[in-house]
Structure formats: C-alpha cells, structure tokens
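final_13.cif (mmCIF, C-alpha atoms)
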```cif
data_query
#
loop_
_atom_site.label_atom_id
_atom_site.label_comp_id
_atom_site.auth_asym_id
_atom_site.auth_seq_id
_atom_site.Cartn_x
_atom_site.Cartn_y
_atom_site.Cartn_z
CA MET P 1 17.99 5.03 4.16
CA VAL P 2 21.16 4.11 6.02
CA HIS P 3 19.45 4.78 9.36
CA ALA P 4 16.58 2.50 8.33
CA LEU P 5 19.08 -0.27 7.57
CA GLU P 6 20.75 0.30 10.95
CA GLU P 7 17.36 -0.02 12.63
CA ILE P 8 16.67 -3.21 10.70
CA HIS P 9 19.98 -4.54 12.00
CA ARG P 10 18.85 -3.79 15.56
CA LEU P 11 15.45 -5.45 15.14
CA THR P 12 16.84 -8.55 13.49
CA ARG P 13 18.22 -11.44 15.48
CA PRO P 14 21.88 -12.48 15.17
CA ALA P 15 22.34 -14.61 12.04
CA GLY P 16 19.23 -12.95 10.64
CA THR P 17 18.64 -12.07 7.01
CA LEU P 18 17.74 -8.94 5.09
CA ILE P 19 16.07 -9.28 1.71
CA GLU P 20 16.14 -6.03 -0.25
CA ILE P 21 14.19 -5.50 -3.49
CA HIS P 22 14.55 -2.41 -5.67
CA PRO P 23 14.26 -1.43 -9.35
CA ALA P 24 17.28 -2.53 -11.35
CA ALA P 25 19.81 0.20 -11.90
CA LEU P 26 20.49 1.27 -15.49
CA GLU P 27 17.32 -0.39 -16.79
CA PHE P 28 14.06 1.34 -17.63
CA PRO P 29 10.69 -0.25 -17.08
CA PHE P 30 9.23 -1.04 -20.46
CA VAL P 31 5.91 -1.83 -22.08
CA GLU P 32 5.14 -4.70 -24.40
CA VAL P 33 2.13 -5.90 -26.35
CA ARG P 34 2.28 -9.68 -26.25
CA SER P 35 0.26 -12.63 -27.43
CA ASN P 36 1.18 -16.31 -27.23
CA GLY P 37 4.75 -15.50 -26.31
CA GLU P 38 5.22 -13.14 -29.25
CA SER P 39 5.97 -9.46 -28.76
CA PHE P 40 4.33 -6.97 -31.16
CA PHE P 41 5.50 -3.82 -29.39
CA SER P 42 8.26 -3.00 -26.93
CA GLU P 43 9.31 0.45 -25.77
CA ASP P 44 10.81 1.92 -22.60
CA ASP P 45 8.34 3.78 -20.41
CA PRO P 46 9.81 7.30 -20.12
CA GLY P 47 7.46 8.11 -17.24
CA PHE P 48 9.20 5.74 -14.85
CA ASP P 49 12.82 6.69 -14.39
CA TYR P 50 14.04 4.75 -11.39
CA ALA P 51 17.73 5.42 -12.02
CA GLU P 52 18.16 7.86 -9.14
CA ASP P 53 16.04 5.75 -6.78
CA SER P 54 18.08 2.68 -7.64
CA ARG P 55 21.35 4.55 -7.20
CA LEU P 56 20.31 5.76 -3.75
CA ALA P 57 19.16 2.30 -2.67
CA GLU P 58 22.39 0.71 -3.85
CA ALA P 59 24.46 3.43 -2.20
CA ALA P 60 22.68 2.84 1.12
CA VAL P 61 23.31 -0.89 0.91
CA ALA P 62 26.95 -0.28 -0.02
CA THR P 63 27.33 2.03 2.98
CA VAL P 64 26.09 -0.50 5.54
CA VAL P 65 28.13 -3.26 3.92
CA GLY P 66 31.18 -0.99 4.00
CA ARG P 67 30.61 -0.27 7.68
CA GLY P 68 30.52 -3.99 8.40
CA ILE P 69 26.87 -3.96 9.53
CA PHE P 70 25.65 -6.36 6.84
CA VAL P 71 27.32 -8.80 4.48
CA LEU P 72 26.00 -8.87 0.92
CA GLU P 73 25.74 -12.55 0.02
CA GLU P 74 23.85 -12.82 -3.26
CA SER P 75 21.76 -10.81 -5.71
CA ARG P 76 19.31 -11.80 -8.43
CA ARG P 77 17.81 -9.84 -11.29
CA PHE P 78 14.21 -10.59 -12.18
CA GLU P 79 11.35 -9.00 -14.10
CA LEU P 80 8.07 -8.15 -12.42
CA ARG P 81 5.40 -8.21 -15.13
CA THR P 82 1.95 -6.68 -14.85
CA TYR P 83 -0.55 -7.87 -17.48
CA ALA P 84 -3.64 -5.92 -18.53
CA SER P 85 -6.15 -6.50 -21.29
CA SER P 86 -6.42 -2.78 -22.06
CA LEU P 87 -4.70 0.51 -21.42
CA GLN P 88 -7.66 1.65 -19.33
CA GLU P 89 -7.39 -1.45 -17.16
CA LEU P 90 -3.71 -0.75 -16.52
CA ARG P 91 -4.42 2.89 -15.71
CA ASP P 92 -7.24 1.94 -13.35
CA HIS P 93 -4.85 -0.41 -11.58
CA TRP P 94 -2.20 2.28 -11.20
CA ALA P 95 -4.75 4.80 -9.98
CA VAL P 96 -5.24 2.55 -6.97
CA ALA P 97 -1.85 0.91 -6.55
CA ASP P 98 0.21 4.09 -6.98
CA ALA P 99 -2.13 6.48 -5.23
CA TYR P 100 0.46 6.92 -2.47
CA ASP P 101 2.82 8.61 -4.93
CA PRO P 102 1.79 12.28 -5.23
CA ASP P 103 4.63 13.20 -7.59
CA GLU P 104 3.44 14.92 -10.74
CA LYS P 105 5.45 13.93 -13.77
CA GLU P 106 7.39 16.63 -15.58
CA GLU P 107 5.37 17.86 -18.58
CA THR P 108 7.73 16.65 -21.30
CA LEU P 109 8.06 13.22 -19.70
CA ALA P 110 4.31 12.98 -19.24
CA ARG P 111 3.74 13.82 -22.91
CA ARG P 112 6.33 11.29 -24.09
CA GLN P 113 4.71 8.68 -21.88
CA GLU P 114 1.26 9.48 -23.29
CA GLU P 115 2.60 9.17 -26.83
CA MET P 116 4.25 5.84 -26.06
CA TYR P 117 1.05 4.44 -24.53
CA ALA P 118 -0.96 5.72 -27.50
CA ARG P 119 1.33 3.70 -29.80
CA ALA P 120 0.98 0.64 -27.56
CA HIS P 121 -2.80 1.07 -27.49
CA GLU P 122 -2.90 1.25 -31.28
CA VAL P 123 -0.89 -1.98 -31.62
CA LEU P 124 -3.02 -3.66 -28.96
CA GLY P 125 -6.16 -2.71 -30.89
CA ARG P 126 -5.05 -4.56 -34.00
CA SER P 127 -3.67 -7.61 -32.15
CA PRO P 128 -6.62 -9.78 -31.13
CA GLY P 129 -6.04 -11.64 -27.88
CA ALA P 130 -2.91 -9.67 -27.05
CA GLU P 131 -2.21 -8.14 -23.66
CA LEU P 132 -0.42 -5.01 -22.51
CA VAL P 133 2.53 -5.91 -20.29
CA PHE P 134 4.34 -3.48 -18.00
CA VAL P 135 7.77 -4.91 -17.19
CA GLU P 136 9.84 -3.75 -14.21
CA PRO P 137 13.41 -5.07 -14.11
CA ALA P 138 14.38 -5.46 -10.47
CA THR P 139 17.16 -6.64 -8.21
CA MET P 140 16.68 -8.77 -5.11
CA SER P 141 19.56 -9.15 -2.67
CA ARG P 142 20.21 -11.27 0.39
CA LEU P 143 22.28 -9.77 3.17
CA THR P 144 23.14 -11.25 6.52
CA LEU P 145 23.85 -9.46 9.75
CA ALA P 146 27.46 -8.95 10.63
CA GLY P 147 28.92 -8.07 13.96
CA MET Z 148 -10.51 -9.63 -16.85
CA SER Z 149 -8.42 -8.02 -14.15
CA VAL Z 150 -4.81 -7.01 -14.01
CA ARG Z 151 -2.43 -9.88 -13.24
CA ILE Z 152 0.82 -9.14 -11.46
CA ASP Z 153 3.74 -11.52 -11.84
CA PRO Z 154 1.68 -14.56 -12.87
CA GLU Z 155 4.99 -16.25 -13.78
CA GLY Z 156 6.07 -15.98 -10.14
CA ASN Z 157 9.42 -14.39 -11.03
CA GLU Z 158 9.54 -12.39 -7.83
CA THR Z 159 8.54 -15.33 -5.64
CA ASP Z 160 11.02 -17.63 -7.38
CA ALA Z 161 13.83 -15.15 -6.71
CA LEU Z 162 12.74 -14.87 -3.08
CA PHE Z 163 12.67 -18.62 -2.52
CA ASP Z 164 16.03 -18.98 -4.27
CA LEU Z 165 17.60 -16.49 -1.89
CA LEU Z 166 15.76 -17.22 1.34
CA GLU Z 167 14.67 -20.21 3.38
CA VAL Z 168 11.61 -18.64 4.92
CA GLU Z 169 10.33 -21.81 6.57
CA GLY Z 170 9.58 -21.31 10.24
CA ARG Z 171 10.99 -17.81 10.38
CA GLU Z 172 9.63 -14.63 11.88
CA VAL Z 173 9.43 -12.05 9.07
CA LEU Z 174 9.09 -8.28 9.06
CA GLU Z 175 8.02 -7.03 5.63
CA ILE Z 176 8.50 -3.29 5.18
CA GLY Z 177 6.44 -1.64 2.46
CA CYS Z 178 4.02 -4.50 1.94
CA GLY Z 179 1.47 -2.38 0.05
CA ASP Z 180 -1.70 -4.39 -0.47
CA GLY Z 181 0.06 -7.64 0.51
CA ARG Z 182 0.65 -8.78 -3.06
CA LEU Z 183 3.97 -10.45 -2.20
CA THR Z 184 3.10 -11.26 1.41
CA ARG Z 185 0.38 -13.73 0.53
CA ARG Z 186 2.70 -15.60 -1.81
CA TYR Z 187 5.25 -16.58 0.82
CA ALA Z 188 3.49 -16.26 4.19
CA ASP Z 189 2.36 -19.88 4.36
CA ARG Z 190 6.01 -20.91 4.61
CA ALA Z 191 6.87 -18.50 7.42
CA ALA Z 192 6.17 -18.85 11.12
CA HIS Z 193 4.68 -15.37 11.17
CA VAL Z 194 4.76 -12.23 9.03
CA THR Z 195 4.38 -8.70 10.33
CA ALA Z 196 3.72 -6.72 7.17
CA ILE Z 197 3.72 -2.95 7.46
CA ASP Z 198 3.02 -0.01 5.18
CA PRO Z 199 2.53 3.70 5.90
CA PHE Z 200 -0.22 3.98 3.27
CA ALA Z 201 -3.61 3.38 4.90
CA ASP Z 202 -5.50 2.51 1.71
CA ALA Z 203 -3.00 -0.21 0.84
CA ILE Z 204 -3.26 -1.79 4.28
CA ALA Z 205 -7.06 -1.58 4.06
CA ARG Z 206 -6.92 -3.56 0.80
CA ALA Z 207 -4.52 -6.03 2.38
CA ASN Z 208 -6.84 -6.53 5.33
CA THR Z 209 -9.85 -6.92 3.03
CA TRP Z 210 -8.04 -9.73 1.26
CA LEU Z 211 -7.03 -11.22 4.64
CA SER Z 212 -10.64 -11.19 5.82
CA GLU Z 213 -11.60 -13.11 2.69
CA ALA Z 214 -8.75 -15.60 3.07
CA PRO Z 215 -7.91 -15.71 6.77
CA ASN Z 216 -4.32 -16.57 7.61
CA GLU Z 217 -3.18 -16.47 11.21
CA ARG Z 218 0.44 -16.20 10.11
CA ILE Z 219 -0.08 -12.69 8.69
CA GLU Z 220 -0.55 -9.41 10.51
CA PHE Z 221 -0.94 -6.30 8.36
CA ARG Z 222 -0.25 -3.06 10.18
CA HIS Z 223 -0.68 0.55 9.09
CA VAL Z 224 2.50 2.00 10.53
CA ALA Z 225 5.66 3.69 9.29
CA PHE Z 226 8.85 1.72 9.79
CA ALA Z 227 10.40 4.46 11.94
CA ASP Z 228 7.44 4.29 14.34
CA LEU Z 229 7.48 0.51 14.48
CA ALA Z 230 11.22 0.50 15.11
CA ALA Z 231 10.97 3.12 17.85
CA ALA Z 232 8.43 0.97 19.68
CA SER Z 233 10.19 -2.37 19.19
CA GLU Z 234 12.66 -4.34 21.25
CA ALA Z 235 15.88 -5.50 19.63
CA ASP Z 236 16.34 -8.95 18.07
CA VAL Z 237 12.67 -9.59 17.29
CA PHE Z 238 12.71 -10.85 13.70
CA ASP Z 239 14.62 -13.51 11.78
CA VAL Z 240 14.09 -11.85 8.41
CA ALA Z 241 13.52 -8.28 7.29
CA LEU Z 242 12.14 -7.90 3.80
CA LEU Z 243 12.42 -4.47 2.23
CA SER Z 244 9.85 -4.72 -0.50
CA TRP Z 245 10.57 -2.01 -3.07
CA SER Z 246 10.72 0.43 -0.17
CA LEU Z 247 14.36 1.42 0.31
CA CYS Z 248 14.14 3.88 -2.57
#
```
Could you render the structure from this file as structure tokens?
Amino acid sequence: MVHALEEIHRLTRPAGTLIEIHPAALEFPFVEVRSNGESFFSEDDPGFDYAEDSRLAEAAVATVVGRGIFVLEESRRFELRTYASSLQELRDHWAVADAYDPDEKEETLARRQEEMYARAHEVLGRSPGAELVFVEPATMSRLTLAG
Amino acid sequence: MSVRIDPEGNETDALFDLLEVEGREVLEIGCGDGRLTRRYADRAAHVTAIDPFADAIARANTWLSEAPNERIEFRHVAFADLAAASEADVFDVALLSWSLC
C-alpha cells in the first residue's frame, strides 16, 4: 500500500492532489428497510467487516504523511447507500459487482449474515413500498503532494 | 426496478466538496464499472480510469459505448503495471476509489 502511494506521488504533478476513499474505521456496514424516510429495520451486516482493511488503509496514509510525501488536508465521512426492492435483487447485484472478491466468508459469519438478511426480508415483506438499503459508512480524504 | 447506488449523491457531494476537478487530468484507480467515474468526468479535462478486474472494465466500456464521452478512458490494467509504464508527473489528481484496502 505504501509503495502504491509512493508511485502515485511520482505520477502526480507538483501541487497535485490525492483523493482516497475507504470504508470508515470502527463502523460496520448496515442494512435497513426503509419507506418514505422511515426505517423499519436496521442491523449491522456481520458479513462485511472492514475494520482490518480500514486500519491498513489508514496506516498506509499515516506512513506517507509521516514521511513527508503527502500532506493530509481534509477528510469527510459519508454514507454510500445501495437501494434494492428485494433481497434477491441485492444479491444479484453483488454477484456481479463483487465477483472479483473470491474470499469465502467464515461459516459462522456467513450464517449470522444469512439470519440477519432473513429478518430483513421478513420485515420487507410486510412493509409495502419499502426498500432494502445497504449502507456503507466511508471516509474520503484529500491529500496534497509534499516535497 | 434495478438497484440504485448512492441516488442521494453523498459520495459525489463529498468529492466535489474536497476537490476542484474542473480542467484537471485525473487517474482513477479501482474504478470498477465506472459508477463514480461517470458522475464527475464531465468536469475533468480527462479521466484515465483503471481496474484490474476485466469484467468490471467490460461493463464500464459497455456503458461508455452507450453514452460516449471523450473525456473518459477505461483501461483494464493493474496500477503497478500502469505505473511501471508511465512517465512521472502525468496527472493532476489521483483518485483511489475504495482500492487502497
């Protein structure tokens, strides 16, 4: 990761900018069932634990900032929301969008995730017009080149 | 009905709050199917958007063929390979799109 950031520094012109987006540390993605701004269901998704990924990303950024390669200027937290009308629609979307990720989930996590989605599906089924919403808290940072 | 990703534009709003992309040469690393690329590219001078996953770039190029935009170039290449073949000081902005981790 640090080497990639060093390469980005080389490819970027002086006074250039790096925008870095990664899952927010210490926050789980979560699932909601929503309709007209009202939430009928909200639970963390145990199948998506980004804590270690986030820690590594933030450590890499801290390293290049500490070395004086980049200057961290500003960060924003935001939520990336994916809306689906059904659980199957969301799964079909992930089957395509996440096909690059070959990691099999650990059995216990996979079962907990299935149980959580079964609860969400049940609530969705008795909430006409509601949608399933997958929410990913994220951090976006602006860094500038130094040196 | 199909899946809608960030219809509120939270990600794009954060990007435009942090970055003046107007007229700048952008390298987007980990562009996937170009979901974010197509939301900001009209403001940039040019976007080179790369991803090592061939299927994602194929979807991005399918979209690009349906909505041509000369500012965008999607490339199926890993960042390490692109960097090894690139001169220094080529881009104004590098955008690491959910790809550092």
Reference answer for the PyMOL selection byres ((chain P) within 7 of (chain Z)), as a count of residues only: 31
The PyMOL selection byres ((chain Z and resi 211-213) around 12) resolved against shown file, as a PyMOL selection string: chain Z and resi 180-182+184-185+188+196+204-210+214-222
The PyMOL selection byres ((chain P and resi 25) around 8) resolved against shown file, as number ranges by chain: P: 23-24, 26-27, 50-51, 54-55, 138
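Nearest residue to Asp49 in chain P, choosing from P:Leu109, P:Val123, P:Leu72, P:Ala4 and counting only C-alpha atoms: P:Leu109.
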9 Å contact set for Ser86 in chain P, all atoms listed in the file, chain neighbours under 6 positions out, as a ChimeraX atom specification: /P:121,124-125,131-132
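The coordinates place CA of Thr63 in chain P at 24.5 Å from CA of Asp198 in chain Z.
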Residue contacts of Phe48 in chain P (12 Å, all atoms listed in the file) excluding same-chain residues fewer than 5 positions away, as a list of chain:residue names: P:Pro23, P:Glu27, P:Phe28, P:Pro29, P:Phe30, P:Val31, P:Asp53, P:Ser54, P:Asp103, P:Glu104, P:Lys105, P:Glu106, P:Leu109, P:Ala110, P:Arg112, P:Gln113, P:Phe134, P:Val135, P:Glu136, P:Pro137
Selected residues, C-alpha atoms, written as a short mmCIF file (atom, residue, chain, number, x, y, z; two decimals), in the coordinates of the input, please.
```
data_model
loop_
_atom_site.label_atom_id
_atom_site.label_comp_id
_atom_site.auth_asym_id
_atom_site.auth_seq_id
_atom_site.Cartn_x
_atom_site.Cartn_y
_atom_site.Cartn_z
CA PRO P 23 14.26 -1.43 -9.35
CA GLU P 27 17.32 -0.39 -16.79
CA PHE P 28 14.06 1.34 -17.63
CA PRO P 29 10.69 -0.25 -17.08
CA PHE P 30 9.23 -1.04 -20.46
CA VAL P 31 5.91 -1.83 -22.08
CA ASP P 53 16.04 5.75 -6.78
CA SER P 54 18.08 2.68 -7.64
CA ASP P 103 4.63 13.20 -7.59
CA GLU P 104 3.44 14.92 -10.74
CA LYS P 105 5.45 13.93 -13.77
CA GLU P 106 7.39 16.63 -15.58
CA LEU P 109 8.06 13.22 -19.70
CA ALA P 110 4.31 12.98 -19.24
CA ARG P 112 6.33 11.29 -24.09
CA GLN P 113 4.71 8.68 -21.88
CA PHE P 134 4.34 -3.48 -18.00
CA VAL P 135 7.77 -4.91 -17.19
CA GLU P 136 9.84 -3.75 -14.21
CA PRO P 137 13.41 -5.07 -14.11
#
```
Computed interatomic separation between CA of Ser39 in chain P and CA of Gly129 in chain P (Å):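 Value for the CA of Ser39 in chain P-CA of Gly129 in chain P distance: 12.2 Å.
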Length of the CA of Glu73 in chain P to CA of Val61 in chain P vector [Å]: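 Taking CA of Glu73 in chain P and CA of Val61 in chain P, their separation equals 11.9 Å.
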Long-range neighbours of Pro128 in chain P as a PyMOL selection string, 12 Å cut-off, all atoms listed in the file, 6 positions minimum in chain: chain P and resi 33-36+40+85-86+122
Within 7 Å of Arg190 in chain Z using all atoms listed in the file, minus same-chain residues under 3 positions, as a short mmCIF file (atom, residue, chain, number, x, y, z; two decimals) with C-alpha atoms, in the coordinates of the input:
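Result saved to selection-v3.cif:
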```
data_model
loop_
_atom_site.label_atom_id
_atom_site.label_comp_id
_atom_site.auth_asym_id
_atom_site.auth_seq_id
_atom_site.Cartn_x
_atom_site.Cartn_y
_atom_site.Cartn_z
CA VAL Z 168 11.61 -18.64 4.92
CA GLU Z 169 10.33 -21.81 6.57
CA GLY Z 170 9.58 -21.31 10.24
CA TYR Z 187 5.25 -16.58 0.82
#
```
